[in-house]
Amino acid sequence: MNMTVLDRRVDRAAQSHLGFIDCDVHPYTKGPNDFDPFLPKRWLEHKQTIGGRSRQGLAKTSMYPRMSPGNGMRGDSWPKNGNHPGSDLPLMQEQLLDLFGVAYGLLAPLVGGAGGERNVEFGAAMATATNEWQLAHFCDPDPRLKAAVQVNVEWTEGAVAEIEKRAGDRRFAQVNIPPRGLEPLGRRRYWPILEACAANGFPVSLHLGGTSGHASTGGGWPSFYHEEHPSYVQSMQTLVTSLVCEGVFERIPGLKIVLVEGGFAWLPALCWRLDKHWTRLKAEVPHLKRAPSEYVHEHIWVTTQPIEEPERPQDMLSILEWIGPERIMFSTDYPHWDQDDPRYAFKVPLPDGWKDQIFRDNARALYQLD
Amino acid sequence: MARHVVATVDEIPPGGRKIVTVRGREIGIFRLGDEFFGLINRCPHQGAPLCQGAVVSRLVAPVPGEYHLTRPGEMLRCPWHCWEFDIRTGKSWCDPNSVQARAFDVAVEKGATLVEGPFSAEAVEVTVEASYVVVTM
Ligand code: FES
């Protein structure tokens, strides 16, 4: 009989993950016409006769196709009717929401193409439609699910109008902005949008992925998805650095940023580097009144998936401590292939207080959930 | 240890599989040629239903650009994070010595031998003429 290594897992005897808040859940469409009821006739006709203009060159697939069917879906998440994983609310409830008694799930729709649409007015119409679609298909039938306001940041007025329209509607928890933009997010052209988010009480979530049309790394296009995956971290680092160095947090003190699916172990090292250079290059960025790490710690939250798996599992505790357990929020990324299971994601037991913070309390406070 | 009859041989074609429950445990029974193997339906990484994963070959490249497809149809790829396991042993590709999916003893037995007992047949009717897949655990 072969030996078993199942005890390599850390089982949570106390079931402390139950009732957690999932900061990254992906809803999908049942079919290409899901958004149509929410588009005005003018844009419905545009969609049907002209269609979207994304910033990537490939149709019907992504720049880096994944090895799992459905372009990177968890293999057991396909609804029986053959529709896309994430499109079937009862299955999402069975595999995630009910299984773990999830208190709230924060939606991150990667559908509709609103954020990357080059016809920005069509992008804005698709953003509105995607927002309505989230409510109709997910949040209204299951109020545990909280929508994320979609916008197209290349049309400032359109984006601000959409944010203001959703302000005060508690079914929306945050605003999603694609992390790979035409320019780094801290640039002034984006400030009115970030200001609108802060003014209306919406944290901004930056969920990695997509393409802006620029090469995904500073050194050009990678060959493999294996290379592309860590390049998402580079785009997160660019965002954090840009937001800090442009002085966005001085300008918009109420701005709260959530980095979703970018991992987190890199964040302390980036802060060390930024702090070190801040002491030397202060004259170039005199608008920074405090060390970069202080802005990061005050304004930036991270979600856990895809969780780092250090060779020595206990090293995880140091990483969490460097970032601060009060800024870390658990996420599964259901139904993607690299999703994390709340029972087994951490390979090391967490101190009790941290567990509550990471699995529940931080998200509850940030998104003002009851 | 008891013998559990989990399938008739004909039920699982070469390259096929059947997921069965034996003493409360889900086990994937895989057929490679005329041999049968059993793996626990639970990935040692994060607990995914391992035996629902894709059956693939092992691809090796001694140097960049030189590829060999080996062990055709003998690796099981987890439906979540795609760790691959050797269907014959349960050993993982990434860390064969310490990461392993539990493997069970699976044998083919003739109905004529089986009926002498003892055995337990879950949802399989045992007749003298047929051959059966039997898990011992
Ligand atoms: S659960 Fe199987 S590889 Fe992660």
# chains A, B, ... in the order shown; residues from 1 in each chain; ligands from 1

call {"tool": "select_by_dssp", "arguments": {"residues": "range 43-188 of chain A", "states": "strand (DSSP E)", "output": "MDAnalysis selection string"}}
result
chainID A and resid 104:107 145:150 172:176

call {"tool": "write_last_selection", "arguments": {"atoms": "C-alpha atoms", "output": "mmCIF file, in the first residue's frame"}}
result
data_model
loop_
_atom_site.group_PDB
_atom_site.id
_atom_site.type_symbol
_atom_site.label_atom_id
_atom_site.label_comp_id
_atom_site.auth_asym_id
_atom_site.auth_seq_id
_atom_site.Cartn_x
_atom_site.Cartn_y
_atom_site.Cartn_z
ATOM 1 C CA TYR A 104 -20.669 37.894 1.471
ATOM 2 C CA GLY A 105 -19.127 37.366 -1.935
ATOM 3 C CA LEU A 106 -17.620 40.309 -3.770
ATOM 4 C CA LEU A 107 -18.259 39.955 -7.477
ATOM 5 C CA LEU A 145 -23.347 38.710 -3.525
ATOM 6 C CA LYS A 146 -22.200 42.301 -3.874
ATOM 7 C CA ALA A 147 -21.747 43.869 -7.266
ATOM 8 C CA ALA A 148 -18.764 45.884 -8.455
ATOM 9 C CA VAL A 149 -19.409 49.008 -10.481
ATOM 10 C CA GLN A 150 -17.933 48.628 -13.974
ATOM 11 C CA PHE A 172 -22.667 47.687 -5.019
ATOM 12 C CA ALA A 173 -19.612 47.378 -2.808
ATOM 13 C CA GLN A 174 -16.826 48.837 -4.899
ATOM 14 C CA VAL A 175 -15.682 50.068 -8.297
ATOM 15 C CA ASN A 176 -13.628 47.775 -10.554
#

call {"tool": "residues_near_ligand", "arguments": {"ligand": "ligand 1", "cutoff": "7 Å", "atoms": "only C-alpha atoms and all ligand atoms", "output": "PyMOL selection string"}}
result
chain B and resi 43-48+50+78-83

call {"tool": "select_by_dssp", "arguments": {"residues": "chain B", "states": "alpha helix (DSSP H)", "output": "PyMOL selection string"}}
result
chain B and resi 111-114

call {"tool": "write_last_selection", "arguments": {"atoms": "N, CA, C and O atoms", "output": "compact mmCIF listing (two decimals), in the first residue's frame"}}
result
# COMPACT_ATOMS: atom_id res chain seq x y z
N GLY B 111 -15.68 -13.97 -11.22
CA GLY B 111 -16.89 -14.15 -10.42
C GLY B 111 -16.88 -15.48 -9.70
O GLY B 111 -17.27 -15.59 -8.53
N ALA B 112 -16.37 -16.52 -10.38
CA ALA B 112 -16.38 -17.87 -9.79
C ALA B 112 -15.58 -17.90 -8.48
O ALA B 112 -15.97 -18.56 -7.51
N THR B 113 -14.46 -17.17 -8.44
CA THR B 113 -13.65 -17.13 -7.22
C THR B 113 -14.33 -16.28 -6.16
O THR B 113 -14.35 -16.60 -4.97
N LEU B 114 -14.90 -15.18 -6.65
CA LEU B 114 -15.46 -14.21 -5.71
C LEU B 114 -16.63 -14.78 -4.93
O LEU B 114 -16.75 -14.53 -3.72

call {"tool": "interface_residues", "arguments": {"of": "chain B", "to": "chain A", "cutoff": "12 Å", "atoms": "only C-alpha atoms", "output": "PyMOL selection string"}}
result
chain B and resi 1+37-54+56+77-83+88-92+95-106+135-137

call {"tool": "atom_distance", "arguments": {"atom1": "CA of Ala7 in chain B", "atom2": "CA of Phe36 in chain B"}}
result
10.9 Å

call {"tool": "closest_residue", "arguments": {"among": "B:Tyr132, B:Ile27, B:Phe85, B:Pro62", "to": "Phe119 in chain B", "atoms": "only C-alpha atoms"}}
result
B:Tyr132

call {"tool": "residues_around", "arguments": {"residues": "Gln357 in chain A", "least_positions_apart": "6", "cutoff": "8 Å", "atoms": "only C-alpha atoms", "output": "PDB file with N, CA and C atoms, in the first residue's frame"}}
result
ATOM      1  N   PRO A 325      -1.788  42.125   9.151  1.00  0.00           N
ATOM      2  CA  PRO A 325      -2.966  41.263   8.955  1.00  0.00           C
ATOM      3  C   PRO A 325      -4.264  42.056   8.821  1.00  0.00           C
ATOM      4  N   GLU A 326      -4.233  43.317   9.198  1.00  0.00           N
ATOM      5  CA  GLU A 326      -5.460  44.129   9.078  1.00  0.00           C
ATOM      6  C   GLU A 326      -5.695  44.615   7.649  1.00  0.00           C
ATOM      7  N   ILE A 328      -5.265  42.396   4.932  1.00  0.00           N
ATOM      8  CA  ILE A 328      -5.293  41.211   4.079  1.00  0.00           C
ATOM      9  C   ILE A 328      -6.684  40.579   4.148  1.00  0.00           C
ATOM     10  N   MET A 329      -7.223  40.237   2.991  1.00  0.00           N
ATOM     11  CA  MET A 329      -8.593  39.710   2.954  1.00  0.00           C
ATOM     12  C   MET A 329      -8.628  38.431   2.125  1.00  0.00           C
TER      13      MET A 329
END
